[in-house]
Every structure is written in C-alpha cells, then in structure tokens.
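Asks: I am sharing entry.tsv, which consists of TSV, C-alpha atoms:
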chain	number	residue	atom	x	y	z
L	1	MET	CA	0.00	0.00	0.00
L	2	ASN	CA	1.24	3.48	-0.87
L	3	GLU	CA	2.04	5.83	2.04
L	4	ALA	CA	-1.04	7.83	3.04
L	5	VAL	CA	-0.78	11.53	3.79
L	6	LYS	CA	-1.19	12.57	7.44
L	7	THR	CA	-2.76	15.86	8.46
L	8	LEU	CA	-2.82	18.28	11.35
L	9	ASP	CA	-6.43	19.28	11.89
L	10	GLY	CA	-7.77	22.53	13.33
L	11	TRP	CA	-11.21	24.13	13.34
L	12	PHE	CA	-14.19	22.60	11.58
L	13	SER	CA	-15.52	24.73	8.75
L	14	LEU	CA	-18.99	25.36	7.30
L	15	HIS	CA	-19.63	27.36	4.15
L	16	ASP	CA	-23.39	27.99	4.29
L	17	PHE	CA	-24.66	29.58	1.07
L	18	ARG	CA	-28.19	31.04	1.02
L	19	THR	CA	-30.50	32.45	-1.63
L	20	ILE	CA	-32.78	35.29	-0.49
L	21	ASP	CA	-36.48	35.02	-1.30
L	22	TRP	CA	-36.81	38.69	-2.22
L	23	PRO	CA	-40.47	38.48	-3.46
L	24	ALA	CA	-41.61	36.99	-0.13
L	25	LEU	CA	-39.46	39.40	1.90
L	26	ARG	CA	-40.97	42.30	-0.02
L	27	GLU	CA	-44.36	41.38	1.46
L	28	VAL	CA	-43.09	41.71	5.04
L	29	SER	CA	-43.94	44.97	6.80
L	30	PRO	CA	-41.05	47.35	7.55
L	31	ILE	CA	-41.65	46.93	11.29
L	32	GLU	CA	-41.48	43.14	11.10
L	33	ARG	CA	-38.46	43.28	8.80
L	34	ASP	CA	-36.64	45.54	11.29
L	35	ALA	CA	-37.50	43.11	14.09
L	36	MET	CA	-36.06	40.21	12.07
L	37	LEU	CA	-32.87	42.15	11.35
L	38	ASN	CA	-32.49	43.07	15.03
L	39	GLU	CA	-32.78	39.38	15.88
L	40	LEU	CA	-30.11	38.59	13.27
L	41	GLN	CA	-27.83	41.32	14.70
L	42	ASN	CA	-28.21	39.83	18.19
L	43	PHE	CA	-27.29	36.41	16.81
L	44	LEU	CA	-24.17	37.87	15.18
L	45	GLY	CA	-23.37	39.69	18.42
L	46	ASP	CA	-23.28	36.34	20.21
L	47	MET	CA	-21.01	35.04	17.43
L	48	ASP	CA	-18.67	37.99	18.06
L	49	ILE	CA	-18.43	37.02	21.72
L	50	THR	CA	-17.37	33.50	20.72
L	51	LYS	CA	-14.79	35.00	18.37
L	52	LYS	CA	-13.34	37.25	21.09
L	53	MET	CA	-13.05	34.22	23.37
L	54	GLY	CA	-10.91	32.52	20.71
L	55	GLU	CA	-13.42	29.70	20.27
L	56	GLY	CA	-14.26	30.23	16.61
L	57	GLU	CA	-14.54	32.60	13.69
L	58	HIS	CA	-17.17	33.79	11.23
L	59	THR	CA	-17.71	36.16	8.36
L	60	ILE	CA	-20.41	37.10	5.82
L	61	TYR	CA	-20.09	37.76	2.10
L	62	SER	CA	-22.58	38.77	-0.58
L	63	ILE	CA	-22.25	36.33	-3.48
L	64	VAL	CA	-22.07	37.62	-7.05
L	65	GLY	CA	-24.10	35.70	-9.64
L	66	GLN	CA	-27.08	33.38	-9.37
L	67	LYS	CA	-25.54	30.48	-7.45
L	68	ALA	CA	-26.34	32.15	-4.11
L	69	ASP	CA	-26.91	35.54	-2.48
L	70	LEU	CA	-25.15	35.25	0.89
L	71	LEU	CA	-22.37	33.18	2.42
L	72	PHE	CA	-22.21	32.55	6.17
L	73	PHE	CA	-18.70	31.14	6.72
L	74	THR	CA	-18.18	29.71	10.22
L	75	LEU	CA	-15.29	28.00	12.02
L	76	ARG	CA	-15.72	26.07	15.27
L	77	PRO	CA	-13.62	23.63	17.37
L	78	THR	CA	-16.16	20.81	16.94
L	79	LEU	CA	-18.64	19.51	14.40
L	80	GLU	CA	-21.33	19.86	17.05
L	81	GLY	CA	-20.44	23.53	17.38
L	82	LEU	CA	-20.88	24.05	13.65
L	83	ASN	CA	-24.23	22.29	13.73
L	84	GLU	CA	-25.36	24.45	16.67
L	85	VAL	CA	-24.58	27.66	14.74
L	86	GLU	CA	-26.38	26.32	11.67
L	87	ASN	CA	-29.47	25.42	13.72
L	88	GLN	CA	-29.48	28.77	15.52
L	89	LEU	CA	-29.42	30.57	12.18
L	90	ASN	CA	-32.24	28.39	10.85
L	91	LYS	CA	-34.40	29.24	13.87
L	92	LEU	CA	-34.21	32.98	13.24
L	93	ARG	CA	-37.33	34.51	11.70
L	94	ILE	CA	-35.34	35.88	8.77
L	95	ALA	CA	-34.23	32.32	7.96
L	96	ASP	CA	-37.70	31.77	6.44
L	97	TYR	CA	-36.41	33.98	3.60
L	98	LEU	CA	-32.85	32.57	3.47
L	99	LEU	CA	-33.24	29.49	1.30
L	100	PRO	CA	-30.42	26.90	1.30
L	101	ALA	CA	-28.40	27.11	-1.93
L	102	TYR	CA	-25.23	25.10	-1.21
L	103	SER	CA	-23.08	24.08	1.72
L	104	TYR	CA	-19.64	22.66	2.27
L	105	VAL	CA	-18.24	20.96	5.40
L	106	SER	CA	-14.52	20.51	6.02
L	107	VAL	CA	-11.83	20.84	8.67
L	108	VAL	CA	-8.95	23.30	8.37
L	109	GLU	CA	-5.89	21.16	7.74
L	110	LEU	CA	-2.17	21.19	7.16
L	111	SER	CA	-0.75	18.04	5.56
L	112	ASN	CA	2.58	16.46	6.34
L	113	TYR	CA	3.63	17.46	2.82
L	114	LEU	CA	4.19	20.86	4.46
L	115	ALA	CA	3.61	20.55	8.21
L	116	ASN	CA	6.95	18.89	8.99
L	117	HIS	CA	8.76	21.71	7.21
L	118	MET	CA	6.82	24.38	9.12
L	119	ALA	CA	6.98	22.81	12.58
L	120	LYS	CA	10.71	21.89	12.49
L	121	GLY	CA	10.48	19.48	15.40
L	122	GLY	CA	8.53	19.51	18.65
L	123	ASP	CA	4.76	19.46	19.06
L	124	PRO	CA	3.42	21.05	15.86
L	125	TYR	CA	0.24	22.19	17.62
L	126	GLU	CA	2.40	24.41	19.83
L	127	ASN	CA	4.12	26.00	16.84
L	128	LYS	CA	2.92	29.58	16.25
L	129	HIS	CA	2.98	29.33	12.45
L	130	VAL	CA	1.12	26.01	12.42
L	131	ARG	CA	-1.54	27.31	14.82
L	132	GLU	CA	-2.08	30.37	12.63
L	133	ARG	CA	-2.86	28.01	9.75
L	134	LEU	CA	-5.11	25.64	11.73
L	135	TYR	CA	-7.03	28.25	13.74
L	136	PRO	CA	-7.05	31.20	11.32
L	137	GLU	CA	-8.33	34.70	11.86
L	138	LEU	CA	-10.67	35.51	8.99
L	139	PRO	CA	-9.65	38.79	7.36
L	140	ALA	CA	-12.15	41.50	6.40
L	141	ARG	CA	-10.88	41.50	2.82
L	142	LYS	CA	-13.10	42.97	0.11
L	143	HIS	CA	-13.58	39.71	-1.77
L	144	ILE	CA	-13.84	35.96	-1.19
L	145	CYS	CA	-13.42	33.00	-3.56
L	146	PHE	CA	-14.49	29.48	-2.60
L	147	TYR	CA	-14.13	26.31	-4.63
L	148	PRO	CA	-13.96	22.57	-3.91
L	149	MET	CA	-11.39	20.33	-5.56
L	150	THR	CA	-10.32	16.72	-5.80
L	151	LYS	CA	-7.17	14.92	-6.94
L	152	ARG	CA	-7.66	12.80	-10.05
L	153	ARG	CA	-7.68	9.00	-9.75
L	154	SER	CA	-7.61	7.91	-13.40
L	155	LEU	CA	-5.61	4.98	-14.75
L	156	SER	CA	-2.95	7.20	-16.31
L	157	ASP	CA	-2.89	9.98	-13.67
L	158	ASN	CA	-3.69	8.66	-10.22
L	159	TRP	CA	-2.44	11.01	-7.48
L	160	TYR	CA	-2.86	8.35	-4.81
L	161	MET	CA	-0.56	5.90	-6.57
L	162	LEU	CA	2.39	8.32	-6.62
L	163	PRO	CA	5.22	7.81	-4.10
L	164	MET	CA	5.21	10.16	-1.11
L	165	GLU	CA	8.44	11.87	-2.22
L	166	GLU	CA	6.99	12.74	-5.62
L	167	ARG	CA	3.78	14.10	-4.08
L	168	GLN	CA	5.77	16.19	-1.59
L	169	THR	CA	7.88	17.73	-4.36
L	170	MET	CA	4.83	18.68	-6.43
L	171	ILE	CA	2.96	20.14	-3.46
L	172	ARG	CA	5.97	22.24	-2.46
L	173	ASP	CA	6.33	23.51	-6.03
L	174	HIS	CA	2.60	24.24	-6.06
L	175	GLY	CA	2.90	26.12	-2.76
L	176	ALA	CA	5.75	28.21	-4.12
L	177	ILE	CA	3.27	29.86	-6.49
L	178	GLY	CA	0.98	30.71	-3.59
L	179	ARG	CA	3.83	32.28	-1.65
L	180	THR	CA	4.35	34.82	-4.45
L	181	TYR	CA	0.89	36.17	-3.52
L	182	ALA	CA	1.73	36.58	0.18
L	183	GLY	CA	0.12	39.75	1.46
L	184	LYS	CA	-2.29	39.82	-1.48
L	185	ILE	CA	-4.21	36.60	-0.85
L	186	LYS	CA	-5.00	34.73	2.36
L	187	GLN	CA	-5.73	31.04	1.77
L	188	ILE	CA	-7.53	28.54	4.00
L	189	ILE	CA	-7.50	24.85	3.06
L	190	GLY	CA	-10.30	22.68	4.42
L	191	GLY	CA	-9.83	18.93	4.22
L	192	SER	CA	-13.11	17.18	3.39
L	193	ILE	CA	-12.26	13.56	2.60
L	194	GLY	CA	-15.11	11.66	4.25
L	195	LEU	CA	-16.86	14.92	5.14
L	196	ASP	CA	-18.20	16.22	1.83
L	197	ASP	CA	-18.37	15.50	-1.92
L	198	PHE	CA	-14.88	16.72	-2.84
L	199	GLU	CA	-11.57	16.20	-1.05
L	200	TRP	CA	-10.75	19.82	-0.21
L	201	GLY	CA	-12.55	23.14	0.05
L	202	VAL	CA	-10.33	26.13	-0.78
L	203	THR	CA	-11.15	29.62	0.48
L	204	LEU	CA	-9.27	32.69	-0.76
L	205	PHE	CA	-9.52	36.27	0.53
L	206	ALA	CA	-8.23	39.30	-1.39
L	207	ASP	CA	-8.77	43.03	-1.83
L	208	ASP	CA	-8.26	42.73	-5.59
L	209	ALA	CA	-10.65	40.19	-7.13
L	210	LEU	CA	-8.37	39.81	-10.16
L	211	ASP	CA	-5.78	38.21	-7.88
L	212	PHE	CA	-8.10	35.17	-7.73
L	213	LYS	CA	-7.94	34.89	-11.53
L	214	ARG	CA	-4.18	35.39	-11.55
L	215	ILE	CA	-3.30	32.80	-8.91
L	216	VAL	CA	-5.68	30.13	-10.18
L	217	THR	CA	-4.43	30.63	-13.73
L	218	GLU	CA	-0.80	30.23	-12.63
L	219	MET	CA	-1.59	27.17	-10.55
L	220	ARG	CA	-3.41	25.51	-13.46
L	221	PHE	CA	-0.04	25.29	-15.24
L	222	ASP	CA	1.62	23.66	-12.23
L	223	GLU	CA	2.05	19.89	-12.69
L	224	SER	CA	0.07	18.92	-9.58
L	225	SER	CA	-2.93	20.85	-10.95
L	226	ALA	CA	-2.47	20.30	-14.68
L	227	ARG	CA	-2.28	16.53	-14.28
L	228	PHE	CA	-4.23	15.78	-11.14
L	229	ALA	CA	-6.68	18.54	-10.12
L	230	GLU	CA	-10.43	18.46	-10.70
L	231	PHE	CA	-12.49	21.45	-9.61
L	232	GLY	CA	-16.06	22.08	-8.59
L	233	SER	CA	-17.96	25.37	-8.91
L	234	PHE	CA	-16.30	28.67	-8.02
L	235	LEU	CA	-18.29	31.10	-5.85
L	236	ILE	CA	-17.18	34.73	-5.57
L	237	GLY	CA	-18.41	37.39	-3.14
L	238	ASN	CA	-18.02	40.81	-1.59
L	239	TYR	CA	-17.54	41.45	2.12
L	240	VAL	CA	-20.57	42.48	4.17
L	241	ALA	CA	-19.88	43.92	7.62
L	242	ALA	CA	-22.46	43.00	10.25
L	243	ASP	CA	-23.54	46.62	10.67
L	244	ALA	CA	-24.12	46.85	6.89
L	245	LEU	CA	-26.73	44.06	6.85
L	246	PRO	CA	-29.73	46.38	7.45
L	247	ASN	CA	-28.78	48.30	4.31
L	248	PHE	CA	-28.21	45.04	2.43
L	249	PHE	CA	-31.75	43.88	3.23
L	250	ARG	CA	-33.35	47.26	2.64
L	251	ILE	CA	-36.14	47.12	0.03
Could the structure of this file be written out as structure tokens, please?

Replies:
Amino acid sequence: MNEAVKTLDGWFSLHDFRTIDWPALREVSPIERDAMLNELQNFLGDMDITKKMGEGEHTIYSIVGQKADLLFFTLRPTLEGLNEVENQLNKLRIADYLLPAYSYVSVVELSNYLANHMAKGGDPYENKHVRERLYPELPARKHICFYPMTKRRSLSDNWYMLPMEERQTMIRDHGAIGRTYAGKIKQIIGGSIGLDDFEWGVTLFADDALDFKRIVTEMRFDESSARFAEFGSFLIGNYVAADALPNFFRI
C-alpha cells in the first residue's frame, strides 16, 4: 500500500450559502423586517463574543451571480459547534427567507507534505505558524473566492498511486506559487475527505478580485494541478460587515 498523507487538523468549517427570497421578503412589513434584522444582529453579536473568546470565527459575504446571495462562513472547534450555529441561524425569523443554496463541510488542515517543514520538530500544535494556519483569523478582505477540488484518480494519472516523495515535491512547487501572492491573498484549506463531496474546500480572501484569476491561472499550469486537479464550482463574493446588513436587506 502506498504511504497515506497525514494531516494536522484545526477548526471545523462550514460554508453555508443562502438564496434570499426577495419576493416573499418584499411582502413583510417594515416593522417586522426591522425586528427580524435586530434578531439577526443579536445572533451575530453572540457570534462575536465567541470570536473574542478565541473559540471560533465567522464572516459574511454577498455572493455575485445566481448560485447564491449570501455566504455565512463559520469556524468552530467541533462539528457539534458548527451544527449548533447552523441550527441557531435556521431558527431565526429571517431564515424563512434565506433558502439553502449550497453548503460545504470541512476541517482546516495542514498536511505532512508541508507541516513537517513548518513545525521543524517539537509538538506542531504548539508552533505559532502552524496554529495560525489551523485556527485562522478571517480577514475582512473585500472579496472571497471558494471552490472545492479533488485529486484525479484515473488509470494514467492517479495522485494516490504516486510515491510520497513525488507528491511532496509537487505540493511544495505548487505552494511556491501561492507564496508569491503573500500579502495579497490569504488562503484557508479545508480537508473534506469523508466529510463532503470533494476532497478539499479552498477559500481565498483578497482586496483585488483579479488576484483570484491570476493565482488560479498560474496554478493551473503547475504539474500537480495540470495533471491531477479536478475542480467544482467557483463562488465569488463581496464582504458584508455585520452593521451593513440592514442596508443590504433594505427594500
């Protein structure tokens, strides 16, 4: 049997995409709509408390295009914690108008393709750089890009039949492209083997949306992507601060 990759695992991740039922929401009275938004703000206030305690993260983005309208992106230490946030959101009155569009479940991970290099001995979970990757602070960047991906398992190009050394070399070369965008793009990798339909969920944050196009284009020419990567749908959005939600929902 070929050597399996090992991972360091951090916070569980939920990308919860919603479509807004604008025709139905338009029928709600302004007073009732304000009450629903106040309830949503209180919910987000509780989420902020969790964030300040260092027990999770969250952010909201408005999605461009017809795949969804809003993304609620949440990180929690446990799968139960993610489910609790999801259920709390669904119990809000405004959730009657936030129709499920798509979701993705994963866990923030760092594989031993890279983790051993970053940790350099000792307990990796005590390493500052490793912890920053596993328990990330979500930046308030202007734009977000999310996409799921899988490594190909065809007869001619099967990632999982390659020797560990060859996989490590390709992943490090692949990562070298990402490092050229340091400061421009923040990347979070969620491992989802056994958790969702693809094997990874990739989340990118940037202030220049064209940086998403640039980095993905460059990485498509990298051998690990050109030969072995298969992608799902790309979803792109714009940052929505919590205090901007009333204006977002204004009709």

Asks: Contacts of Ile60 of chain L at 8 Å or less, counting all atoms listed in the file, minus same-chain residues fewer than 2 places along, as a PDB file with C-alpha atoms, in the frame of the given file?

Replies:
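Just written: part11.pdb:
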ATOM      1  CA  HIS L  58     -17.170  33.790  11.230  1.00  0.00           C
ATOM      2  CA  SER L  62     -22.580  38.770  -0.580  1.00  0.00           C
ATOM      3  CA  LEU L  70     -25.150  35.250   0.890  1.00  0.00           C
ATOM      4  CA  LEU L  71     -22.370  33.180   2.420  1.00  0.00           C
ATOM      5  CA  PHE L  72     -22.210  32.550   6.170  1.00  0.00           C
ATOM      6  CA  PHE L  73     -18.700  31.140   6.720  1.00  0.00           C
ATOM      7  CA  TYR L 239     -17.540  41.450   2.120  1.00  0.00           C
ATOM      8  CA  VAL L 240     -20.570  42.480   4.170  1.00  0.00           C
ATOM      9  CA  ALA L 241     -19.880  43.920   7.620  1.00  0.00           C
ATOM     10  CA  ALA L 242     -22.460  43.000  10.250  1.00  0.00           C
TER      11      ALA L 242
END

Asks: Using all atoms listed in the file, which of L:Thr7, L:Asn42, L:Asn158, L:Ser13 sits nearest Asp196 of chain L?

Replies: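 For Asp196 of chain L, the nearest of the given residues is L:Ser13.
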
Asks: Just the residues within 9 Å of segment 187-194 of chain L, please, counting all atoms listed in the file, with nothing from its chain fewer than 3 positions along; format it as a short mmCIF file (atom, residue, chain, number, x, y, z; two decimals) with C-alpha atoms, in the frame of the given file.

Replies:
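Dumped everything to out.cif:
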data_model
loop_
_atom_site.label_atom_id
_atom_site.label_comp_id
_atom_site.auth_asym_id
_atom_site.auth_seq_id
_atom_site.Cartn_x
_atom_site.Cartn_y
_atom_site.Cartn_z
CA THR L 7 -2.76 15.86 8.46
CA ASP L 9 -6.43 19.28 11.89
CA PHE L 12 -14.19 22.60 11.58
CA SER L 13 -15.52 24.73 8.75
CA TYR L 104 -19.64 22.66 2.27
CA VAL L 105 -18.24 20.96 5.40
CA SER L 106 -14.52 20.51 6.02
CA VAL L 107 -11.83 20.84 8.67
CA VAL L 108 -8.95 23.30 8.37
CA GLU L 109 -5.89 21.16 7.74
CA LEU L 110 -2.17 21.19 7.16
CA ARG L 133 -2.86 28.01 9.75
CA LEU L 134 -5.11 25.64 11.73
CA PRO L 136 -7.05 31.20 11.32
CA GLY L 178 0.98 30.71 -3.59
CA ASP L 197 -18.37 15.50 -1.92
CA PHE L 198 -14.88 16.72 -2.84
CA GLU L 199 -11.57 16.20 -1.05
CA TRP L 200 -10.75 19.82 -0.21
CA GLY L 201 -12.55 23.14 0.05
CA VAL L 202 -10.33 26.13 -0.78
CA THR L 203 -11.15 29.62 0.48
CA LEU L 204 -9.27 32.69 -0.76
CA PHE L 205 -9.52 36.27 0.53
#

Asks: For the atom pair atom CA of Gly65 of chain L and atom CA of His143 of chain L, what is the interatomic distance in Å to one decimal place?

Replies: 13.7 Å

Asks: Separation of atom CA of Lys67 of chain L and atom CA of Gly237 of chain L, in Å?

Replies: 10.8 Å

Asks: Segment 221-232 of chain L: which residues within 8 Å, counting all atoms listed in the file, same-chain residues fewer than 5 positions away excluded, as a VMD selection string?

Replies: chain L and resid 147 to 153 157 to 159 170 to 171 173 to 174 198

Asks: In Å, how far is it from atom CA of Pro246 of chain L to atom CA of Lys52 of chain L?

Replies: 23.2 Å

Asks: List as a PyMOL selection string the protein and nucleic acid residues near Pro100 of chain L, meaning an atom at most 7 Å away when all atoms listed in the file are counted, but skip any in the same chain fewer than 2 places from it.

Replies: chain L and resi 17-19+98+102

Asks: What are the centre and edge lengths in Å, to one decimal, of the axis-aligned box around all listed atoms of segment 236-239 of chain L with 8 Å added on each side, as lines of an AutoDock Vina configuration file?

Replies:
center_x = -17.8
center_y = 38.1
center_z = -1.7
size_x = 17.2
size_y = 22.7
size_z = 23.7

Asks: So that I can check the surroundings of segment 82-90 of chain L, please list as a list in words every protein, DNA and RNA residue that reaches within 9 Å of it, counting only C-alpha atoms and ignoring chain neighbours fewer than 6 positions away.

Replies: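 Contacts, in chain order: Phe12, Ser13, Leu14, Asp16, Leu40, Phe43, Met47, Thr74, Leu75, Arg76, Asp96 and Leu98 of chain L.
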
Asks: Which is closest to Asp243 of chain L among L:Leu44, L:Val28, L:Leu210, L:Met53, if we use all atoms listed in the file?

Replies: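 Smallest separation from Asp243 of chain L among the options: L:Leu44.
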
Asks: I need the residue nearest Leu235 of chain L from this list: L:Ser103, L:Asn127, L:Thr59, L:Thr169. Use all atoms listed in the file for the distance.

Replies: L:Ser103

Asks: Looking at all atoms listed in the file, which of L:Gly183, L:Gly10, L:Pro163, L:Gly81 is the one that sits closest to Arg131 of chain L?

Replies: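 Ranking L:Gly183, L:Gly10, L:Pro163, L:Gly81 by distance to Arg131 of chain L, first place goes to L:Gly10.
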
Asks: When you count all atoms listed in the file, which of these residues is closest to Ala244 of chain L: L:Ile94, L:Glu218, L:Thr180, L:Gln41?

Replies: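 Using all atoms listed in the file, Ala244 of chain L sits closest to L:Gln41.
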
Asks: Take segment 17-44 of chain L from the block and save it with N, CA and C atoms, as a PDB file, in the first residue's frame.

Replies:
ATOM      1  N   PHE L  17     -24.218  28.647   2.108  1.00  0.00           N
ATOM      2  CA  PHE L  17     -24.664  29.582   1.071  1.00  0.00           C
ATOM      3  C   PHE L  17     -26.194  29.635   1.059  1.00  0.00           C
ATOM      4  N   ARG L  18     -26.740  30.850   1.009  1.00  0.00           N
ATOM      5  CA  ARG L  18     -28.194  31.043   1.017  1.00  0.00           C
ATOM      6  C   ARG L  18     -28.639  31.916  -0.153  1.00  0.00           C
ATOM      7  N   THR L  19     -29.825  31.605  -0.658  1.00  0.00           N
ATOM      8  CA  THR L  19     -30.503  32.451  -1.632  1.00  0.00           C
ATOM      9  C   THR L  19     -31.627  33.192  -0.921  1.00  0.00           C
ATOM     10  N   ILE L  20     -31.752  34.476  -1.161  1.00  0.00           N
ATOM     11  CA  ILE L  20     -32.776  35.286  -0.494  1.00  0.00           C
ATOM     12  C   ILE L  20     -34.060  35.274  -1.312  1.00  0.00           C
ATOM     13  N   ASP L  21     -35.173  34.988  -0.649  1.00  0.00           N
ATOM     14  CA  ASP L  21     -36.482  35.021  -1.296  1.00  0.00           C
ATOM     15  C   ASP L  21     -36.991  36.457  -1.274  1.00  0.00           C
ATOM     16  N   TRP L  22     -36.478  37.264  -2.207  1.00  0.00           N
ATOM     17  CA  TRP L  22     -36.814  38.689  -2.225  1.00  0.00           C
ATOM     18  C   TRP L  22     -38.319  38.943  -2.422  1.00  0.00           C
ATOM     19  N   PRO L  23     -39.033  38.220  -3.312  1.00  0.00           N
ATOM     20  CA  PRO L  23     -40.470  38.475  -3.458  1.00  0.00           C
ATOM     21  C   PRO L  23     -41.242  38.288  -2.154  1.00  0.00           C
ATOM     22  N   ALA L  24     -40.914  37.227  -1.409  1.00  0.00           N
ATOM     23  CA  ALA L  24     -41.606  36.993  -0.132  1.00  0.00           C
ATOM     24  C   ALA L  24     -41.211  38.047   0.897  1.00  0.00           C
ATOM     25  N   LEU L  25     -39.929  38.417   0.928  1.00  0.00           N
ATOM     26  CA  LEU L  25     -39.460  39.402   1.897  1.00  0.00           C
ATOM     27  C   LEU L  25     -40.068  40.770   1.622  1.00  0.00           C
ATOM     28  N   ARG L  26     -40.363  41.028   0.363  1.00  0.00           N
ATOM     29  CA  ARG L  26     -40.966  42.302  -0.018  1.00  0.00           C
ATOM     30  C   ARG L  26     -42.368  42.466   0.579  1.00  0.00           C
ATOM     31  N   GLU L  27     -43.014  41.346   0.894  1.00  0.00           N
ATOM     32  CA  GLU L  27     -44.363  41.382   1.460  1.00  0.00           C
ATOM     33  C   GLU L  27     -44.364  41.597   2.971  1.00  0.00           C
ATOM     34  N   VAL L  28     -43.184  41.529   3.587  1.00  0.00           N
ATOM     35  CA  VAL L  28     -43.085  41.712   5.040  1.00  0.00           C
ATOM     36  C   VAL L  28     -43.128  43.200   5.367  1.00  0.00           C
ATOM     37  N   SER L  29     -43.837  43.564   6.417  1.00  0.00           N
ATOM     38  CA  SER L  29     -43.943  44.972   6.799  1.00  0.00           C
ATOM     39  C   SER L  29     -42.590  45.489   7.267  1.00  0.00           C
ATOM     40  N   PRO L  30     -42.320  46.783   7.091  1.00  0.00           N
ATOM     41  CA  PRO L  30     -41.046  47.350   7.552  1.00  0.00           C
ATOM     42  C   PRO L  30     -40.783  47.102   9.028  1.00  0.00           C
ATOM     43  N   ILE L  31     -41.831  47.157   9.851  1.00  0.00           N
ATOM     44  CA  ILE L  31     -41.654  46.934  11.289  1.00  0.00           C
ATOM     45  C   ILE L  31     -41.197  45.499  11.557  1.00  0.00           C
ATOM     46  N   GLU L  32     -41.853  44.543  10.902  1.00  0.00           N
ATOM     47  CA  GLU L  32     -41.485  43.144  11.099  1.00  0.00           C
ATOM     48  C   GLU L  32     -40.099  42.865  10.526  1.00  0.00           C
ATOM     49  N   ARG L  33     -39.774  43.483   9.399  1.00  0.00           N
ATOM     50  CA  ARG L  33     -38.455  43.284   8.802  1.00  0.00           C
ATOM     51  C   ARG L  33     -37.367  43.828   9.725  1.00  0.00           C
ATOM     52  N   ASP L  34     -37.610  44.987  10.340  1.00  0.00           N
ATOM     53  CA  ASP L  34     -36.642  45.543  11.287  1.00  0.00           C
ATOM     54  C   ASP L  34     -36.473  44.628  12.494  1.00  0.00           C
ATOM     55  N   ALA L  35     -37.566  44.022  12.943  1.00  0.00           N
ATOM     56  CA  ALA L  35     -37.500  43.108  14.087  1.00  0.00           C
ATOM     57  C   ALA L  35     -36.662  41.875  13.732  1.00  0.00           C
ATOM     58  N   MET L  36     -36.835  41.368  12.511  1.00  0.00           N
ATOM     59  CA  MET L  36     -36.056  40.209  12.074  1.00  0.00           C
ATOM     60  C   MET L  36     -34.573  40.551  11.982  1.00  0.00           C
ATOM     61  N   LEU L  37     -34.272  41.745  11.483  1.00  0.00           N
ATOM     62  CA  LEU L  37     -32.871  42.154  11.351  1.00  0.00           C
ATOM     63  C   LEU L  37     -32.230  42.382  12.712  1.00  0.00           C
ATOM     64  N   ASN L  38     -33.005  42.906  13.664  1.00  0.00           N
ATOM     65  CA  ASN L  38     -32.486  43.069  15.030  1.00  0.00           C
ATOM     66  C   ASN L  38     -32.166  41.711  15.639  1.00  0.00           C
ATOM     67  N   GLU L  39     -33.019  40.729  15.372  1.00  0.00           N
ATOM     68  CA  GLU L  39     -32.778  39.376  15.879  1.00  0.00           C
ATOM     69  C   GLU L  39     -31.508  38.798  15.241  1.00  0.00           C
ATOM     70  N   LEU L  40     -31.322  39.049  13.957  1.00  0.00           N
ATOM     71  CA  LEU L  40     -30.115  38.595  13.269  1.00  0.00           C
ATOM     72  C   LEU L  40     -28.875  39.278  13.848  1.00  0.00           C
ATOM     73  N   GLN L  41     -28.967  40.578  14.121  1.00  0.00           N
ATOM     74  CA  GLN L  41     -27.833  41.316  14.700  1.00  0.00           C
ATOM     75  C   GLN L  41     -27.481  40.773  16.080  1.00  0.00           C
ATOM     76  N   ASN L  42     -28.479  40.409  16.871  1.00  0.00           N
ATOM     77  CA  ASN L  42     -28.213  39.827  18.192  1.00  0.00           C
ATOM     78  C   ASN L  42     -27.505  38.482  18.062  1.00  0.00           C
ATOM     79  N   PHE L  43     -27.933  37.695  17.081  1.00  0.00           N
ATOM     80  CA  PHE L  43     -27.292  36.408  16.806  1.00  0.00           C
ATOM     81  C   PHE L  43     -25.820  36.617  16.446  1.00  0.00           C
ATOM     82  N   LEU L  44     -25.555  37.591  15.584  1.00  0.00           N
ATOM     83  CA  LEU L  44     -24.172  37.873  15.184  1.00  0.00           C
ATOM     84  C   LEU L  44     -23.369  38.455  16.336  1.00  0.00           C
TER      85      LEU L  44
END
